[in-house]
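Note sheet for the following structure.
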Amino acid sequence: MAGINLKRHLLIATGLLVVAVAIIVLRYRDTFGIMLENLRAMREGRALAETLRSPQDLLAYLERHPDRTSLVAFELAAPDSGLYFQEAVVRPVAGLPRLLLLASYVEAIEQGRLDPAGPVPRRVLNRYVLPSLGDQVHQHALSLLPNTADTLQTDQLVRLLLEGNDPAAHDYLLLRLGRSSLSALTEQLGITALEPPLPMLGLFLSWHALPEMPKRDAGPYALTRQVVQDTSLHNVLAHRLARQGSGLSLWAQRERAQATFPRGTAQAYALLLQRIATDTSTWGYTMRRYLEHALPDTLQTSLKTLAVESGLFPGLVSVAAYARRKDRAGVRFVVLLMEQVPMAVLYHLAQTRLEQGLVLQLLGDDAFFEQARERLHQVADPSPV
């Protein structure tokens, strides 16, 4: 009898568990649906990702996908002997617009429009992110600072931006500088092919159909100001996003980034790097102080100093770098842009940083540079049969 009762209780408990799981799945069906879709997305391009084991393999990927990739590499002293592969194709980019933001910040400091020692309350900075929309990255970036006080200096935000890719620091500085100054800067530098950065918080919010945000079409700047200035709205959105998540699958994020991220060409970013590396004004010196890093002698490399900015986002891979050599004078520049990257390939690159390995080898390995130049030249300009 006791065995029969135990069996009955187990059946009842199992039935209740099934019912409970069904209720949870139904209640959070959108979340579960996105989880399943993301699992499918992560299998996209899995076989291809398994073939990418070296910079040479990634170079072969570029050869096979000229419609999705651009690569520029050249010596300052010999630009005509450089590598130019789909260099003028306009593509969405991730991370690289930070270079324009930094350039505008340095200019504003020089002109006295911003005080690098000016106070920035941490609670104010926290308003520029939301759960699932940059909050985790922001908190990680803050952990990089030795000073965890309640008030930061404006110049510390640059470290958060460059070392931690902090979206809160990005948007705070962007709104302090203003859209007009960023737009004027591209004209001033003569690089109009580069679109200036956009506030990430407002851009991400424009992707979502949130009932609390009826004016989604107001634009990233207006949306960011609205959320930052309205404490009640910020709290409501934070509660919703903490409970439900962003509500966008990886595929949906890739589609929206492709359509709305700032755009540019590999050639234009290479010209921006060239301006930074060679400008003899205080602006150029300050830019190099922020971007260039000396490499230790213990590293077995021909590179003496390196400046690199990069970004990864669903569908997008972007790297812009230049280096000075130990063995000779001069500067070499490399810019790599990739779009519509399969999710498994993107995840593989995020784990291995193979795209940065390709850029570093192009910067420091002359034989590989020549090999890549020859191979991609044949793709861009195939000989007649």
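Quick note on naming: the chains in the structure tokens go A, B, ... in the order shown, residues restart at 1 in each chain, and ligands are numbered from 1 in order of appearance.
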Please produce, as a Markdown table, a per-residue contact table for stretch 50-162 of chain A versus stretch 307-328 of chain A (criterion: any atom at most 7 Å away, only C-alpha atoms considered), showing the nearest atom pair and its distance in Å to one decimal, sorted by chain then residue number.
```
| residue | atom | partner | partner_atom | distance |
| --- | --- | --- | --- | --- |
| A:Val93 | CA | A:Ser318 | CA | 6.0 |
| A:Ala94 | CA | A:Gly311 | CA | 4.7 |
| A:Gly95 | CA | A:Gly311 | CA | 4.1 |
| A:Leu96 | CA | A:Ser310 | CA | 6.0 |
```
Residues just named, written with N, CA, C and O atoms as a PDB file, in the first residue's frame:
```pdb
ATOM      1  N   VAL A  93      29.680  50.007 -39.404  1.00  0.00           N
ATOM      2  CA  VAL A  93      30.855  49.668 -38.605  1.00  0.00           C
ATOM      3  C   VAL A  93      30.491  49.648 -37.128  1.00  0.00           C
ATOM      4  O   VAL A  93      29.578  50.338 -36.675  1.00  0.00           O
ATOM      5  N   ALA A  94      31.244  48.841 -36.382  1.00  0.00           N
ATOM      6  CA  ALA A  94      31.071  48.750 -34.930  1.00  0.00           C
ATOM      7  C   ALA A  94      32.355  49.197 -34.253  1.00  0.00           C
ATOM      8  O   ALA A  94      33.442  48.763 -34.626  1.00  0.00           O
ATOM      9  N   GLY A  95      32.230  50.073 -33.271  1.00  0.00           N
ATOM     10  CA  GLY A  95      33.384  50.478 -32.468  1.00  0.00           C
ATOM     11  C   GLY A  95      34.199  51.616 -33.030  1.00  0.00           C
ATOM     12  O   GLY A  95      34.625  52.510 -32.290  1.00  0.00           O
ATOM     13  N   LEU A  96      34.451  51.639 -34.330  1.00  0.00           N
ATOM     14  CA  LEU A  96      35.367  52.617 -34.907  1.00  0.00           C
ATOM     15  C   LEU A  96      34.887  54.067 -34.801  1.00  0.00           C
ATOM     16  O   LEU A  96      35.736  54.977 -34.748  1.00  0.00           O
TER      17      LEU A  96
END
```
Could you please write out, as a VMD selection string, every residue of stretch 238-350 of chain A that DSSP assigns to helix (DSSP H, G or I)? chain A and resid 238 to 244 250 to 260 266 to 278 282 to 291 343 to 350
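Each of A:Asp171, A:Glu255, A:Glu195, A:Glu187 was compared to A:Tyr221 using only C-alpha atoms, and A:Asp171 turns out to be the nearest.
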Between atom CA of A:Pro167 and atom CA of A:Leu142, distance in Å (one decimal): 11.2 Å
Please list as a ChimeraX atom specification every residue within 7 Å of A:Gly264, counting only C-alpha atoms and excluding residues in the same chain fewer than 6 positions away. /A:90-93,193-195
Output the selection as a CSV table (one decimal), in the first residue's frame - N, CA and C atoms for each residue.
```
chain,number,residue,atom,x,y,z
A,90,VAL,N,30.9,51.4,-48.9
A,90,VAL,CA,30.3,51.9,-47.6
A,90,VAL,C,29.7,50.8,-46.8
A,91,ARG,N,30.1,50.6,-45.6
A,91,ARG,CA,29.6,49.5,-44.8
A,91,ARG,C,29.3,50.1,-43.4
A,92,PRO,N,28.3,49.4,-42.7
A,92,PRO,CA,28.1,49.7,-41.2
A,92,PRO,C,29.3,49.3,-40.4
A,93,VAL,N,29.7,50.0,-39.4
A,93,VAL,CA,30.9,49.7,-38.6
A,93,VAL,C,30.5,49.6,-37.1
A,193,ALA,N,33.3,60.7,-45.8
A,193,ALA,CA,32.7,59.4,-46.0
A,193,ALA,C,32.4,58.7,-44.7
A,194,LEU,N,32.9,59.2,-43.6
A,194,LEU,CA,32.6,58.7,-42.3
A,194,LEU,C,31.4,59.3,-41.6
A,195,GLU,N,30.4,58.5,-41.3
A,195,GLU,CA,29.3,59.0,-40.5
A,195,GLU,C,29.7,59.1,-39.0
```
Quick one: which stretch 67-120 of chain A residues come within 10 Å of stretch 375-380 of chain A, and what is the nearest atom pair for each with the distance in Å to one decimal, counting only C-alpha atoms, rows ordered by chain and ascending number, as a tab-separated table?
```
residue	atom	partner	partner_atom	distance
A:Leu71	CA	A:Leu376	CA	9.0
A:Leu83	CA	A:His377	CA	7.6
A:Tyr84	CA	A:His377	CA	7.6
A:Phe85	CA	A:Leu376	CA	6.4
A:Gln86	CA	A:Ala380	CA	7.4
```
One decimal, in Å: what's the spacing between atom CA of A:Ala329 and atom CA of A:Leu303? 10.9 Å
Could you check the closest approach to A:Arg122 for each of A:Val106, A:Ala149, A:Ala294, A:Ala47 and tell me which residue wins, using only C-alpha atoms?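 Answer, going by the shortest atom-to-atom distance: A:Ala149.
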Can you pull out the residues contacting stretch 223-231 of chain A? Cut-off 10 Å, using only C-alpha atoms, and skip same-chain residues under 5 positions away; I want them as a PyMOL selection string. chain A and resi 124-130+171-172+175+199-206+213+215-218+236-237
Prev. selection, N, CA, C and O atoms, output as a compact mmCIF listing (two decimals), in the first residue's frame:
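In the end it all went to part17.txt:
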```txt
# COMPACT_ATOMS: atom_id res chain seq x y z
N VAL A 124 24.68 60.06 -12.45
CA VAL A 124 24.30 60.65 -13.73
C VAL A 124 24.76 59.75 -14.87
O VAL A 124 24.01 59.48 -15.82
N LEU A 125 25.98 59.26 -14.78
CA LEU A 125 26.51 58.38 -15.82
C LEU A 125 25.68 57.10 -15.94
O LEU A 125 25.46 56.59 -17.04
N ASN A 126 25.21 56.59 -14.80
CA ASN A 126 24.42 55.36 -14.81
C ASN A 126 23.10 55.51 -15.56
O ASN A 126 22.50 54.51 -15.97
N ARG A 127 22.65 56.74 -15.76
CA ARG A 127 21.37 56.96 -16.43
C ARG A 127 21.45 56.68 -17.93
O ARG A 127 20.43 56.61 -18.60
N TYR A 128 22.67 56.55 -18.45
CA TYR A 128 22.85 56.37 -19.89
C TYR A 128 22.83 54.90 -20.32
O TYR A 128 23.09 54.60 -21.49
N VAL A 129 22.53 54.01 -19.40
CA VAL A 129 22.39 52.60 -19.74
C VAL A 129 21.15 52.03 -19.06
O VAL A 129 20.63 52.61 -18.09
N LEU A 130 20.69 50.90 -19.56
CA LEU A 130 19.55 50.18 -19.01
C LEU A 130 19.87 48.69 -18.99
O LEU A 130 20.76 48.24 -19.73
N ASP A 171 27.90 57.76 -24.65
CA ASP A 171 26.73 58.62 -24.86
C ASP A 171 26.82 59.92 -24.07
O ASP A 171 26.37 60.97 -24.53
N TYR A 172 27.39 59.86 -22.86
CA TYR A 172 27.53 61.08 -22.06
C TYR A 172 28.41 62.08 -22.82
O TYR A 172 28.05 63.26 -22.97
N LEU A 175 26.65 63.47 -26.06
CA LEU A 175 25.65 64.51 -25.83
C LEU A 175 26.27 65.79 -25.30
O LEU A 175 25.74 66.88 -25.58
N PRO A 199 24.20 58.14 -30.38
CA PRO A 199 24.00 57.66 -29.00
C PRO A 199 23.49 56.23 -29.01
O PRO A 199 22.47 55.92 -29.63
N MET A 200 24.21 55.34 -28.33
CA MET A 200 23.87 53.92 -28.37
C MET A 200 22.54 53.64 -27.67
O MET A 200 21.75 52.81 -28.13
N LEU A 201 22.28 54.33 -26.55
CA LEU A 201 21.05 54.08 -25.82
C LEU A 201 19.84 54.41 -26.70
O LEU A 201 18.91 53.60 -26.84
N GLY A 202 19.83 55.59 -27.30
CA GLY A 202 18.71 55.97 -28.15
C GLY A 202 18.59 55.10 -29.38
O GLY A 202 17.49 54.79 -29.83
N LEU A 203 19.74 54.70 -29.94
CA LEU A 203 19.72 53.84 -31.12
C LEU A 203 19.09 52.49 -30.78
O LEU A 203 18.21 51.99 -31.50
N PHE A 204 19.51 51.90 -29.67
CA PHE A 204 18.96 50.60 -29.27
C PHE A 204 17.47 50.72 -28.94
O PHE A 204 16.67 49.84 -29.28
N LEU A 205 17.07 51.81 -28.28
CA LEU A 205 15.66 52.00 -27.95
C LEU A 205 14.81 52.14 -29.21
O LEU A 205 13.65 51.71 -29.24
N SER A 206 15.39 52.73 -30.26
CA SER A 206 14.63 52.88 -31.50
C SER A 206 14.35 51.55 -32.17
O SER A 206 13.50 51.46 -33.06
N MET A 213 7.66 54.03 -24.79
CA MET A 213 8.39 54.88 -25.73
C MET A 213 7.57 55.09 -26.99
O MET A 213 7.88 54.53 -28.05
N LYS A 215 7.35 57.55 -28.93
CA LYS A 215 8.01 58.36 -29.96
C LYS A 215 9.33 57.73 -30.37
O LYS A 215 10.39 58.33 -30.35
N ARG A 216 9.26 56.46 -30.79
CA ARG A 216 10.48 55.75 -31.18
C ARG A 216 11.16 56.40 -32.38
O ARG A 216 12.35 56.26 -32.58
N ASP A 217 10.38 57.08 -33.21
CA ASP A 217 10.94 57.68 -34.43
C ASP A 217 11.54 59.06 -34.16
O ASP A 217 11.90 59.78 -35.10
N ALA A 218 11.68 59.43 -32.88
CA ALA A 218 12.22 60.76 -32.55
C ALA A 218 13.70 60.86 -32.86
O ALA A 218 14.24 61.95 -32.96
N VAL A 236 10.88 52.99 -15.17
CA VAL A 236 9.90 52.08 -15.79
C VAL A 236 10.58 51.18 -16.83
O VAL A 236 10.36 49.97 -16.88
N LEU A 237 11.40 51.79 -17.67
CA LEU A 237 12.11 51.01 -18.68
C LEU A 237 13.08 50.02 -18.05
O LEU A 237 13.21 48.88 -18.51
```
Polymer residues at most 12 Å from A:Arg240, only C-alpha atoms, same-chain spacing of 6 or more positions, as a list in words: Leu130, Pro131, Ser132, Leu133, Leu210, Pro211, Glu212, Met213, Leu233, His234, Ser246 and Gly247 of chain A
Nearest residue to A:Leu363 out of A:Tyr61, A:Val120, A:Gly82, A:Ala266, using only C-alpha atoms?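 For A:Leu363, the nearest of the given residues is A:Gly82.
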